[in-house]
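Chemist: For reference, this is input_10.cif, and it has mmCIF, C-alpha atoms and all ligand atoms.
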```
data_entry
#
loop_
_atom_site.label_atom_id
_atom_site.label_comp_id
_atom_site.auth_asym_id
_atom_site.auth_seq_id
_atom_site.Cartn_x
_atom_site.Cartn_y
_atom_site.Cartn_z
CA MET S 1 0.00 0.00 0.00
CA GLU S 2 1.28 3.47 -0.81
CA SER S 3 1.96 5.57 2.29
CA TRP S 4 -0.72 8.17 1.47
CA ARG S 5 -3.28 5.35 1.48
CA ARG S 6 -2.12 4.36 4.95
CA ARG S 7 -2.41 7.96 6.14
CA LEU S 8 -5.91 8.17 4.66
CA ALA S 9 -6.91 4.95 6.43
CA GLU S 10 -5.98 6.59 9.77
CA SER S 11 -8.64 9.29 9.27
CA ILE S 12 -11.48 9.94 11.71
CA THR S 13 -14.82 8.71 10.37
CA THR S 14 -17.18 8.56 13.38
CA PRO S 15 -18.79 11.11 15.76
CA GLU S 16 -17.43 9.02 18.67
CA GLU S 17 -13.84 9.74 17.65
CA ILE S 18 -14.63 13.47 17.53
CA ALA S 19 -16.31 13.28 20.93
CA GLU S 20 -13.34 11.46 22.42
CA ARG S 21 -10.93 14.11 21.25
CA PHE S 22 -12.94 17.29 21.85
CA GLY S 23 -15.44 16.31 24.56
CA THR S 24 -18.49 17.04 22.40
CA ASP S 25 -21.79 15.11 22.38
CA PRO S 26 -21.67 12.31 19.75
CA ALA S 27 -25.48 11.87 19.81
CA LEU S 28 -25.89 15.31 18.19
CA LEU S 29 -23.64 14.47 15.27
CA ALA S 30 -24.67 10.87 14.61
CA PRO S 31 -27.81 11.62 12.51
CA VAL S 32 -25.83 14.15 10.44
CA ALA S 33 -22.98 11.71 9.79
CA ARG S 34 -25.52 9.06 8.74
CA ARG S 35 -27.00 11.46 6.16
CA TYR S 36 -23.71 12.96 4.87
CA PRO S 37 -20.41 11.09 5.16
CA LEU S 38 -17.75 12.11 7.66
CA ARG S 39 -14.02 11.83 7.15
CA ILE S 40 -11.23 14.00 8.54
CA THR S 41 -7.60 13.17 7.87
CA ARG S 42 -5.06 13.30 10.69
CA HIS S 43 -3.36 16.21 8.95
CA TYR S 44 -6.54 18.30 8.72
CA LEU S 45 -7.68 17.33 12.23
CA GLY S 46 -4.38 18.64 13.55
CA LEU S 47 -5.22 22.13 12.26
CA ILE S 48 -8.23 22.47 14.59
CA ARG S 49 -7.34 24.69 17.57
CA SER S 50 -10.74 24.84 19.23
CA VAL S 51 -14.32 23.66 18.83
CA GLY S 52 -16.14 25.82 16.27
CA ASP S 53 -13.04 27.43 14.76
CA PRO S 54 -12.73 27.93 10.95
CA ILE S 55 -11.14 24.50 10.40
CA TRP S 56 -13.66 22.73 12.66
CA ARG S 57 -16.59 24.36 10.85
CA GLN S 58 -15.36 23.07 7.49
CA CYS S 59 -15.03 19.40 8.48
CA VAL S 60 -17.09 18.50 11.58
CA PRO S 61 -20.79 17.65 10.97
CA ASP S 62 -23.29 20.23 12.23
CA PRO S 63 -26.97 19.50 13.05
CA GLN S 64 -27.86 22.56 10.93
CA GLU S 65 -27.02 20.47 7.84
CA LEU S 66 -30.33 18.66 8.34
CA GLU S 67 -32.43 21.85 8.64
CA ASP S 68 -31.87 23.38 5.23
CA ASP S 69 -34.68 23.08 2.65
CA GLN S 70 -32.82 23.96 -0.57
CA LEU S 71 -32.47 21.66 -3.59
CA PRO S 72 -29.80 18.93 -3.69
CA ASP S 73 -28.70 19.95 -7.22
CA PRO S 74 -29.63 23.61 -7.87
CA LEU S 75 -27.12 23.91 -10.73
CA ASP S 76 -28.94 21.16 -12.63
CA GLU S 77 -25.71 19.23 -13.12
CA GLU S 78 -27.59 15.95 -13.51
CA ARG S 79 -29.78 17.41 -16.30
CA LEU S 80 -26.69 18.76 -18.08
CA SER S 81 -25.07 15.32 -18.14
CA PRO S 82 -25.07 13.78 -21.61
CA VAL S 83 -23.56 10.61 -20.09
CA PRO S 84 -23.23 9.73 -16.38
CA GLY S 85 -20.49 11.73 -14.66
CA LEU S 86 -19.96 14.27 -17.44
CA ILE S 87 -21.32 17.84 -17.14
CA HIS S 88 -21.43 19.70 -20.45
CA ARG S 89 -22.66 23.21 -19.72
CA TYR S 90 -20.35 25.44 -21.76
CA PRO S 91 -19.55 25.04 -25.46
CA ASP S 92 -15.86 24.08 -25.32
CA ARG S 93 -15.28 22.39 -21.95
CA VAL S 94 -16.66 19.66 -19.74
CA VAL S 95 -16.43 18.66 -16.11
CA TRP S 96 -15.78 14.96 -15.66
CA LEU S 97 -16.60 13.52 -12.22
CA VAL S 98 -14.05 10.71 -12.07
CA SER S 99 -14.23 10.03 -8.32
CA ASN S 100 -16.84 10.32 -5.58
CA GLU S 101 -14.30 10.07 -2.79
CA CYS S 102 -12.52 12.87 -0.91
CA ALA S 103 -9.87 12.84 1.81
CA VAL S 104 -12.02 15.13 3.98
CA TYR S 105 -15.75 15.56 3.37
CA CYS S 106 -16.25 19.31 3.47
CA ARG S 107 -19.53 20.18 5.17
CA PHE S 108 -20.25 22.97 2.65
CA CYS S 109 -19.66 20.81 -0.45
CA MET S 110 -21.71 21.77 -3.53
CA ARG S 111 -21.83 18.08 -4.49
CA LYS S 112 -23.08 16.90 -1.10
CA ARG S 113 -25.72 14.93 -2.97
CA ARG S 114 -23.13 12.48 -4.28
CA VAL S 115 -19.72 12.68 -2.55
CA GLY S 116 -18.95 9.60 -0.51
CA CYS S 117 -21.55 7.53 -2.42
CA PRO S 118 -20.48 4.75 -4.78
CA LEU S 119 -19.70 6.03 -8.29
CA ARG S 120 -22.79 5.31 -10.37
CA GLY S 121 -22.62 2.75 -13.16
CA GLY S 122 -19.32 1.27 -11.96
CA ASP S 123 -16.29 3.19 -13.22
CA GLY S 124 -15.22 0.94 -16.11
CA GLY S 125 -18.47 1.35 -18.06
CA THR S 126 -19.03 5.06 -17.34
CA MET S 127 -15.41 5.83 -18.14
CA HIS S 128 -15.84 4.30 -21.56
CA GLU S 129 -19.05 6.26 -22.21
CA ALA S 130 -17.54 9.56 -21.09
CA LEU S 131 -14.44 9.05 -23.26
CA ARG S 132 -16.57 8.20 -26.25
CA TYR S 133 -18.69 11.34 -25.79
CA ILE S 134 -15.54 13.51 -25.54
CA ALA S 135 -13.97 11.82 -28.58
CA GLU S 136 -17.15 12.34 -30.62
CA THR S 137 -17.59 16.00 -29.62
CA PRO S 138 -14.85 17.98 -31.38
CA GLN S 139 -15.77 21.33 -29.79
CA ILE S 140 -14.54 20.05 -26.39
CA ARG S 141 -10.98 21.35 -25.96
CA ASP S 142 -10.75 21.59 -22.16
CA ILE S 143 -11.42 18.75 -19.67
CA ILE S 144 -11.86 19.47 -15.97
CA LEU S 145 -11.36 16.36 -13.86
CA SER S 146 -13.36 16.72 -10.68
CA GLY S 147 -15.47 14.69 -8.28
CA GLY S 148 -15.14 14.06 -5.42
CA ASP S 149 -11.41 14.35 -5.68
CA PRO S 150 -9.58 12.90 -8.72
CA LEU S 151 -6.40 12.47 -6.66
CA LEU S 152 -8.16 9.89 -4.49
CA LEU S 153 -7.70 7.59 -7.49
CA ASP S 154 -4.51 5.56 -7.65
CA ASP S 155 -1.73 6.84 -9.91
CA GLU S 156 -2.37 3.97 -12.35
CA HIS S 157 -6.08 4.71 -12.71
CA LEU S 158 -5.46 8.44 -13.09
CA GLU S 159 -2.76 7.82 -15.66
CA GLN S 160 -5.10 5.64 -17.67
CA ILE S 161 -7.61 8.53 -17.80
CA LEU S 162 -4.95 11.07 -18.76
CA ALA S 163 -3.46 8.82 -21.44
CA ARG S 164 -6.87 8.19 -23.01
CA LEU S 165 -7.67 11.92 -22.99
CA ARG S 166 -4.30 12.74 -24.53
CA SER S 167 -5.02 10.37 -27.39
CA ILE S 168 -8.00 12.54 -28.44
CA PRO S 169 -6.58 15.19 -30.79
CA HIS S 170 -9.06 18.00 -30.01
CA VAL S 171 -8.43 17.85 -26.23
CA GLU S 172 -6.03 20.76 -25.76
CA ILE S 173 -5.80 21.07 -21.98
CA VAL S 174 -6.67 19.04 -18.91
CA ARG S 175 -7.30 20.54 -15.48
CA ILE S 176 -7.45 18.63 -12.23
CA GLY S 177 -9.44 20.01 -9.29
CA THR S 178 -8.17 18.66 -5.97
CA ARG S 179 -8.21 19.58 -2.31
CA THR S 180 -5.53 17.02 -1.37
CA PRO S 181 -2.71 19.60 -0.98
CA VAL S 182 -4.86 21.01 1.87
CA THR S 183 -6.39 17.87 3.37
CA LEU S 184 -3.94 15.06 2.54
CA PRO S 185 -0.66 16.65 1.41
CA GLU S 186 1.00 13.20 1.62
CA ARG S 187 -0.89 12.40 -1.61
CA ILE S 188 1.37 14.68 -3.66
CA THR S 189 4.22 12.20 -3.99
CA SER S 190 7.17 12.58 -6.32
CA ARG S 191 5.93 9.45 -8.08
CA LEU S 192 2.59 11.17 -8.79
CA CYS S 193 4.37 14.29 -10.07
CA ARG S 194 6.65 12.25 -12.35
CA MET S 195 3.54 10.68 -13.87
CA LEU S 196 1.59 13.94 -14.22
CA ARG S 197 4.38 15.79 -15.97
CA ARG S 198 4.14 13.39 -18.90
CA TYR S 199 0.64 14.72 -19.71
CA HIS S 200 1.19 18.44 -20.19
CA PRO S 201 -0.46 20.90 -20.77
CA LEU S 202 -1.92 20.10 -17.36
CA TYR S 203 -3.28 22.53 -14.78
CA VAL S 204 -4.17 21.91 -11.15
CA ASN S 205 -6.74 23.97 -9.29
CA THR S 206 -6.65 23.46 -5.57
CA HIS S 207 -8.99 24.61 -2.83
CA PHE S 208 -7.69 26.59 0.17
CA ASN S 209 -10.28 28.46 2.25
CA HIS S 210 -8.32 29.76 5.21
CA PRO S 211 -4.75 30.99 5.77
CA ARG S 212 -4.26 28.36 8.51
CA GLU S 213 -4.59 25.68 5.84
CA ILE S 214 -1.30 26.87 4.33
CA THR S 215 0.95 24.62 6.39
CA PRO S 216 4.57 23.66 5.60
CA GLU S 217 3.22 20.29 4.34
CA ALA S 218 0.69 21.96 2.03
CA ALA S 219 3.38 24.35 0.78
CA ARG S 220 5.66 21.39 0.00
CA ALA S 221 2.86 19.61 -1.88
CA CYS S 222 2.25 22.71 -4.00
CA ALA S 223 5.98 23.15 -4.62
CA ARG S 224 6.22 19.59 -5.95
CA LEU S 225 3.38 20.20 -8.38
CA ALA S 226 4.78 23.56 -9.45
CA ASP S 227 8.25 22.03 -9.92
CA ALA S 228 6.62 19.49 -12.25
CA GLY S 229 5.71 22.47 -14.43
CA ILE S 230 2.04 22.48 -13.45
CA PRO S 231 0.48 25.96 -13.13
CA LEU S 232 -1.47 26.08 -9.86
CA GLY S 233 -4.72 27.96 -9.32
CA ASN S 234 -7.01 28.13 -6.33
CA GLN S 235 -10.76 28.15 -5.88
CA THR S 236 -12.03 29.45 -2.54
CA VAL S 237 -15.60 29.22 -1.30
CA LEU S 238 -16.88 32.22 0.66
CA LEU S 239 -18.00 30.69 3.97
CA ARG S 240 -19.72 32.27 6.94
CA GLY S 241 -17.65 31.93 10.08
CA VAL S 242 -14.61 30.73 8.11
CA ASN S 243 -13.35 33.39 5.73
CA ASP S 244 -16.10 36.05 5.45
CA ASP S 245 -13.71 38.72 6.62
CA PRO S 246 -11.60 41.04 4.42
CA ALA S 247 -8.45 40.65 6.57
CA VAL S 248 -8.63 36.83 6.58
CA MET S 249 -9.30 36.70 2.86
CA THR S 250 -6.48 39.12 2.04
CA ARG S 251 -4.03 37.09 4.10
CA LEU S 252 -5.19 33.88 2.41
CA MET S 253 -4.71 35.28 -1.11
CA GLN S 254 -1.29 36.76 -0.29
CA ARG S 255 -0.06 33.54 1.26
CA LEU S 256 -1.28 31.52 -1.71
CA LEU S 257 0.89 33.60 -4.04
CA ALA S 258 3.82 32.97 -1.71
CA ILE S 259 3.44 29.21 -2.30
CA ARG S 260 3.12 29.75 -6.09
CA VAL S 261 -0.66 29.28 -6.21
CA ARG S 262 -2.57 31.89 -8.18
CA PRO S 263 -6.05 32.76 -6.81
CA TYR S 264 -8.60 32.03 -9.54
CA TYR S 265 -12.18 32.05 -8.22
CA LEU S 266 -13.91 33.15 -5.04
CA HIS S 267 -17.24 31.32 -5.14
CA GLN S 268 -20.46 32.58 -3.67
CA MET S 269 -22.01 29.59 -1.84
CA ASP S 270 -24.35 27.63 -4.09
CA LEU S 271 -27.93 27.14 -2.87
CA VAL S 272 -27.24 23.48 -2.07
CA ARG S 273 -29.29 21.56 0.51
CA GLY S 274 -27.50 21.09 3.81
CA THR S 275 -25.15 24.07 3.50
CA GLY S 276 -27.38 27.01 4.50
CA HIS S 277 -25.46 27.82 7.68
CA PHE S 278 -22.39 28.72 5.57
CA ARG S 279 -24.16 31.20 3.30
CA THR S 280 -23.24 34.90 3.32
CA THR S 281 -24.86 37.78 1.45
CA VAL S 282 -23.52 38.91 -1.90
CA TRP S 283 -22.74 42.26 -0.24
CA THR S 284 -20.27 40.48 2.03
CA GLY S 285 -18.51 39.12 -1.05
CA ILE S 286 -18.45 42.49 -2.76
CA SER S 287 -16.99 44.21 0.29
CA ILE S 288 -14.30 41.53 0.54
CA MET S 289 -13.42 42.11 -3.12
CA GLU S 290 -13.29 45.87 -2.44
CA GLY S 291 -10.87 45.08 0.38
CA LEU S 292 -8.60 43.27 -2.09
CA ARG S 293 -8.80 45.38 -5.25
CA GLY S 294 -5.92 47.83 -5.40
CA HIS S 295 -5.02 47.30 -1.76
CA THR S 296 -2.89 44.26 -2.56
CA SER S 297 -1.30 42.61 -5.61
CA GLY S 298 -3.62 42.30 -8.59
CA MET S 299 -2.41 38.70 -8.81
CA ALA S 300 -3.83 38.10 -5.33
CA THR S 301 -7.29 39.13 -6.51
CA PRO S 302 -9.57 36.31 -7.74
CA TYR S 303 -12.79 36.62 -9.71
CA TYR S 304 -15.79 36.65 -7.40
CA VAL S 305 -18.42 34.48 -9.10
CA ILE S 306 -21.97 33.34 -8.55
CA ASP S 307 -22.82 30.06 -10.24
CA ALA S 308 -26.30 30.86 -11.48
CA PRO S 309 -29.10 28.40 -10.65
CA GLU S 310 -30.30 25.91 -13.28
CA GLY S 311 -26.87 25.66 -14.87
CA LYS S 312 -26.93 29.14 -16.36
CA GLY S 313 -23.19 29.49 -15.72
CA LYS S 314 -20.68 31.34 -13.55
CA ILE S 315 -21.18 35.09 -13.49
CA PRO S 316 -18.41 37.41 -12.23
CA ILE S 317 -19.56 40.07 -9.76
CA LEU S 318 -17.53 43.24 -10.04
CA PRO S 319 -17.58 46.15 -7.64
CA ASP S 320 -19.26 49.06 -9.38
CA CYS S 321 -16.18 50.96 -10.60
CA ALA S 322 -17.11 52.40 -13.99
CA THR S 323 -20.21 54.41 -15.00
CA LEU S 324 -20.71 56.31 -18.22
CA GLN S 325 -22.02 59.86 -17.93
CA GLY S 326 -22.54 61.47 -21.33
CA ASP S 327 -19.21 60.93 -23.10
CA THR S 328 -17.23 60.63 -19.88
CA TRP S 329 -16.44 57.58 -17.81
CA LEU S 330 -16.50 58.07 -14.07
CA LEU S 331 -13.99 55.59 -12.66
CA ARG S 332 -13.70 54.76 -8.99
CA ASN S 333 -10.27 53.74 -7.70
CA TYR S 334 -9.46 51.60 -4.68
CA ARG S 335 -9.36 54.66 -2.39
CA GLY S 336 -12.89 55.61 -3.43
CA GLU S 337 -11.77 58.63 -5.49
CA THR S 338 -13.64 59.34 -8.71
CA ILE S 339 -11.53 59.84 -11.82
CA LYS S 340 -12.97 61.22 -15.06
CA TYR S 341 -11.83 59.47 -18.20
CA ARG S 342 -12.79 60.23 -21.81
CA ASP S 343 -12.12 57.95 -24.75
CA PRO S 344 -9.94 59.83 -27.23
CA VAL S 345 -12.12 60.68 -30.23
CA GLY S 346 -11.04 58.44 -33.12
C1 LIG S 401 -16.93 25.91 -13.48
C2 LIG S 401 -17.31 25.04 -14.56
C3 LIG S 401 -16.51 24.93 -15.73
C4 LIG S 401 -15.22 25.69 -15.89
O1 LIG S 401 -15.42 27.05 -15.93
P1 LIG S 401 -14.19 28.03 -16.15
O2 LIG S 401 -14.81 29.36 -15.98
O3 LIG S 401 -13.69 27.77 -17.55
O4 LIG S 401 -13.15 27.71 -15.14
C5 LIG S 401 -16.96 24.10 -16.72
N1 LIG S 401 -18.09 23.39 -16.62
C6 LIG S 401 -18.87 23.47 -15.53
C7 LIG S 401 -20.12 22.68 -15.47
C8 LIG S 401 -18.49 24.29 -14.45
O5 LIG S 401 -19.26 24.35 -13.36
S1 LIG S 402 -12.92 18.19 -1.52
FE1 LIG S 402 -14.31 19.24 -2.94
S2 LIG S 402 -15.69 17.65 -3.69
FE2 LIG S 402 -14.71 16.85 -1.86
S3 LIG S 402 -16.08 17.32 -0.16
FE3 LIG S 402 -14.61 19.00 -0.29
S4 LIG S 402 -15.60 20.51 -1.61
FE4 LIG S 402 -16.70 18.56 -1.93
#
```
Once you've parsed the file, please lay out its structure as structure tokens.
Modeler:
Amino acid sequence: MESWRRRLAESITTPEEIAERFGTDPALLAPVARRYPLRITRHYLGLIRSVGDPIWRQCVPDPQELEDDQLPDPLDEERLSPVPGLIHRYPDRVVWLVSNECAVYCRFCMRKRRVGCPLRGGDGGTMHEALRYIAETPQIRDIILSGGDPLLLDDEHLEQILARLRSIPHVEIVRIGTRTPVTLPERITSRLCRMLRRYHPLYVNTHFNHPREITPEAARACARLADAGIPLGNQTVLLRGVNDDPAVMTRLMQRLLAIRVRPYYLHQMDLVRGTGHFRTTVWTGISIMEGLRGHTSGMATPYYVIDAPEGKGKIPILPDCATLQGDTWLLRNYRGETIKYRDPVG
């Protein structure tokens, strides 16, 4: 067994183990853990400093998960699936859900409806169908491997997927979305990186939500990927009681750049059942973006996006910084000053 598998097997998976360690009541968490799976790696567990802190909130079940009355799949991902596991929403790119397993089951997950459940159809058959759809659809040039977490697959299985994708001429780039640098940094082995670098152009988008997640181990995992020539991006979810604070978010984005990870998206929480207690207002997101824009490196500033219901797509939300008045643009800079700007007449 590879050592990351052993580390994963040591994870906490029951409310009793949480109770034992933190002195909480396991009876409160048991119904939640029966409804939505629980797993916390030793690495991630070690980042908790106190009950209810930003790390705790992300990984420990909360009875509020059972109170929410939203839809399980508001983005209509299942309806947009031409074959099981493939989401084709935009013209030139698809999301391929190659795994339903994650190292840590995040309580705010947008795919709560399926993570931790067996992969439907059995992977051999669905893999064949998905590959055939991609091969027969020449407008697809960008494949996003997601899940669950694709890096919970073994190197051999992942390599098989990458090799098959690379044999399709119109597939230009492959992206992998993974939270393992944060939750199971042991997964980013040099063996994995040696394999991945044979399938360029390859991008990895990871998922840090709080500056405390940027540990020396996570930094080393990201360095290994970056040293394999893989550009690293980050997708953060805006979460109440975790990172809904301009100072925390600024620190997170700055520290990501310091480990060679470029902030890509800041996601407004989707209206997914079981995640209501994490939701913030859009105003919170806008004020956080105002706190970033101009105050720190432009490279530290992600796009703030709302994924519109019914699969209508991601929409960037920009602070209101340009209005046209007659033939003059009124521009607002990061200090709140208004600057007049006129297009040269041409
Ligand atoms: C987010 C997403 C993509 C990728 O969008 P980009 O803006 O290109 O990163 C593709 N398909 C689906 C269904 C998505 O949700
Ligand atoms: S790692 Fe991603 S897919 Fe897995 S539980 Fe967390 S948010 Fe969901």
Chemist: I want to know what sits within 12 Å of Arg335 in chain S, based on all atoms listed in the file, with residues of the same chain fewer than 2 positions away left out; could you give that as a list in words?
Modeler: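 Residues meeting the cut-off are Glu290, Gly291, Leu292, Arg293, Gly294, His295, Cys321, Leu331, Arg332, Asn333, Glu337, Thr338 and Ile339 of chain S.
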Chemist: Can you tell me which residues come within 6 Å of ligand LIG 402 (chain S) when counting all atoms listed in the file, ideally as a tab-separated table (two decimals) with C-alpha atoms, keeping the file's coordinate frame?
Modeler:
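This went into out.tsv:
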```tsv
chain	number	residue	atom	x	y	z
S	102	CYS	CA	-12.52	12.87	-0.91
S	105	TYR	CA	-15.75	15.56	3.37
S	106	CYS	CA	-16.25	19.31	3.47
S	109	CYS	CA	-19.66	20.81	-0.45
S	111	ARG	CA	-21.83	18.08	-4.49
S	147	GLY	CA	-15.47	14.69	-8.28
S	148	GLY	CA	-15.14	14.06	-5.42
S	149	ASP	CA	-11.41	14.35	-5.68
S	179	ARG	CA	-8.21	19.58	-2.31
```
Chemist: Within 8 Å of (-8.6, 9.7, 8.3), in the coordinates the file gives, what residues turn up when you count only C-alpha atoms, written out as a PDB file with C-alpha atoms, in the coordinates of the input?
Modeler:
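part30.pdb, freshly written:
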```pdb
ATOM      1  CA  ARG S   7      -2.410   7.960   6.140  1.00  0.00           C
ATOM      2  CA  LEU S   8      -5.910   8.170   4.660  1.00  0.00           C
ATOM      3  CA  ALA S   9      -6.910   4.950   6.430  1.00  0.00           C
ATOM      4  CA  GLU S  10      -5.980   6.590   9.770  1.00  0.00           C
ATOM      5  CA  SER S  11      -8.640   9.290   9.270  1.00  0.00           C
ATOM      6  CA  ILE S  12     -11.480   9.940  11.710  1.00  0.00           C
ATOM      7  CA  THR S  13     -14.820   8.710  10.370  1.00  0.00           C
ATOM      8  CA  ARG S  39     -14.020  11.830   7.150  1.00  0.00           C
ATOM      9  CA  ILE S  40     -11.230  14.000   8.540  1.00  0.00           C
ATOM     10  CA  THR S  41      -7.600  13.170   7.870  1.00  0.00           C
ATOM     11  CA  ARG S  42      -5.060  13.300  10.690  1.00  0.00           C
ATOM     12  CA  ALA S 103      -9.870  12.840   1.810  1.00  0.00           C
ATOM     13  CA  VAL S 104     -12.020  15.130   3.980  1.00  0.00           C
TER      14      VAL S 104
END
```
Chemist: Using only C-alpha atoms and all ligand atoms, pick whichever of S:Asp142, S:Asp68, S:Glu17, S:Asp327 has the shortest atom-to-atom distance to ligand LIG 401 (chain S).
Modeler: S:Asp142
Chemist: Do a neighbour search on Ile176 in chain S at 8 Å with all atoms listed in the file, toss out local chain neighbours closer than 2 positions, and write the hits as a list of chain:residue names.
Modeler: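 Skipping anything fewer than 2 positions along the chain leaves S:Ile144, S:Leu145, S:Ser146, S:Pro150, S:Val174, S:Thr178, S:Leu202, S:Tyr203, S:Val204, S:Asn205.
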Chemist: Distance cut-off 10 Å, centre (-23.2, 21.9, -19.0) in file coordinates, counting all atoms listed in the file: which residues qualify? Return them as a list in words.
Modeler: Leu75, Asp76, Glu77, Glu78, Arg79, Leu80, Ser81, Pro82, Leu86, Ile87, His88, Arg89, Tyr90, Pro91, Asp92, Arg93, Val94, Val95, Glu310, Gly311, Lys312 and Gly313 of chain S
Chemist: Please produce a file of those selected residues containing C-alpha atoms, as a PDB file, keeping the file's coordinate frame.
Modeler:
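again_3.pdb was written with the following content:
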```pdb
ATOM      1  CA  LEU S  75     -27.120  23.910 -10.730  1.00  0.00           C
ATOM      2  CA  ASP S  76     -28.940  21.160 -12.630  1.00  0.00           C
ATOM      3  CA  GLU S  77     -25.710  19.230 -13.120  1.00  0.00           C
ATOM      4  CA  GLU S  78     -27.590  15.950 -13.510  1.00  0.00           C
ATOM      5  CA  ARG S  79     -29.780  17.410 -16.300  1.00  0.00           C
ATOM      6  CA  LEU S  80     -26.690  18.760 -18.080  1.00  0.00           C
ATOM      7  CA  SER S  81     -25.070  15.320 -18.140  1.00  0.00           C
ATOM      8  CA  PRO S  82     -25.070  13.780 -21.610  1.00  0.00           C
ATOM      9  CA  LEU S  86     -19.960  14.270 -17.440  1.00  0.00           C
ATOM     10  CA  ILE S  87     -21.320  17.840 -17.140  1.00  0.00           C
ATOM     11  CA  HIS S  88     -21.430  19.700 -20.450  1.00  0.00           C
ATOM     12  CA  ARG S  89     -22.660  23.210 -19.720  1.00  0.00           C
ATOM     13  CA  TYR S  90     -20.350  25.440 -21.760  1.00  0.00           C
ATOM     14  CA  PRO S  91     -19.550  25.040 -25.460  1.00  0.00           C
ATOM     15  CA  ASP S  92     -15.860  24.080 -25.320  1.00  0.00           C
ATOM     16  CA  ARG S  93     -15.280  22.390 -21.950  1.00  0.00           C
ATOM     17  CA  VAL S  94     -16.660  19.660 -19.740  1.00  0.00           C
ATOM     18  CA  VAL S  95     -16.430  18.660 -16.110  1.00  0.00           C
ATOM     19  CA  GLU S 310     -30.300  25.910 -13.280  1.00  0.00           C
ATOM     20  CA  GLY S 311     -26.870  25.660 -14.870  1.00  0.00           C
ATOM     21  CA  LYS S 312     -26.930  29.140 -16.360  1.00  0.00           C
ATOM     22  CA  GLY S 313     -23.190  29.490 -15.720  1.00  0.00           C
TER      23      GLY S 313
END
```
Chemist: Smallest atom-to-atom distance to Asn234 in chain S: which of S:Arg175, S:Ala221, S:Pro302, S:Thr250, using all atoms listed in the file?
Modeler: S:Pro302
Chemist: I'd like the interatomic distance between CA of Glu129 in chain S and CA of Gly85 in chain S, to a tenth of an Å.
Modeler: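 It comes out at 9.4 Å.
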Chemist: Do you know which residues are at most 10 Å from Ala33 in chain S counting all atoms listed in the file, after dropping those on the same chain fewer than 2 positions away, and could you put them as a PyMOL selection string?
Modeler: chain S and resi 13-15+28-31+35-39+60-63+65
Chemist: Please enclose the listed atoms of ligand LIG 401 (chain S) in an axis-aligned box, pad each side by 6 Å, and write out the centre and the three edge lengths in Å, rounded to one decimal, as lines of an AutoDock Vina configuration file.
Modeler:
```
center_x = -16.6
center_y = 26.0
center_z = -15.5
size_x = 19.0
size_y = 18.7
size_z = 16.2
```
Chemist: Please measure the separation of CA of Thr284 in chain S and CA of Leu45 in chain S, giving the value in Å to one decimal.
Modeler: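 About the pair CA of Thr284 in chain S and CA of Leu45 in chain S: they are 28.3 Å apart.
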Chemist: Tell me which of S:Asp307, S:Asp343, S:Glu172, S:Glu16 sits closest to ligand LIG 401 (chain S), counting all atoms listed in the file.
Modeler: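 Of the candidates, the smallest distance to ligand LIG 401 (chain S) is held by S:Asp307.
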Chemist: Rank nothing, just name the residue among S:Arg251, S:Arg114, S:Arg57, S:Arg224 nearest to Pro211 in chain S, using only C-alpha atoms.
Modeler: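 With only C-alpha atoms as the atom set, the closest residue is S:Arg251.
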Chemist: In terms of the shortest atom-to-atom distance over all atoms listed in the file, which of S:Ile143, S:Val282, S:Ala19, S:Ile188 is closest to ligand LIG 401 (chain S)?
Modeler: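 The shortest atom-to-atom distance to ligand LIG 401 (chain S) comes from S:Ile143.
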Chemist: For range 163-167 of chain S, please output as number ranges by chain all residues within 8 Å (counting all atoms listed in the file; exclusion window: fewer than 4 positions along the same chain).
Modeler: S: 131, 159, 171, 199
Chemist: Using only C-alpha atoms, which protein or nucleic acid residues come within 12 Å of Pro344 in chain S? Drop anything in the same chain fewer than 3 positions from it, and give the result as a PDB file with C-alpha atoms, in the frame of the given file.
Modeler:
```pdb
ATOM      1  CA  ASP S 327     -19.210  60.930 -23.100  1.00  0.00           C
ATOM      2  CA  THR S 328     -17.230  60.630 -19.880  1.00  0.00           C
ATOM      3  CA  TRP S 329     -16.440  57.580 -17.810  1.00  0.00           C
ATOM      4  CA  TYR S 341     -11.830  59.470 -18.200  1.00  0.00           C
TER       5      TYR S 341
END
```
Chemist: How many Å separate CA of Val83 in chain S from CA of His170 in chain S?
Modeler: 19.1 Å
Chemist: Which of these, S:Ile288, S:Thr126, S:Glu2, S:Val98, has the shortest distance to Thr189 in chain S once you count only C-alpha atoms?
Modeler: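 With only C-alpha atoms as the atom set, the closest residue is S:Glu2.
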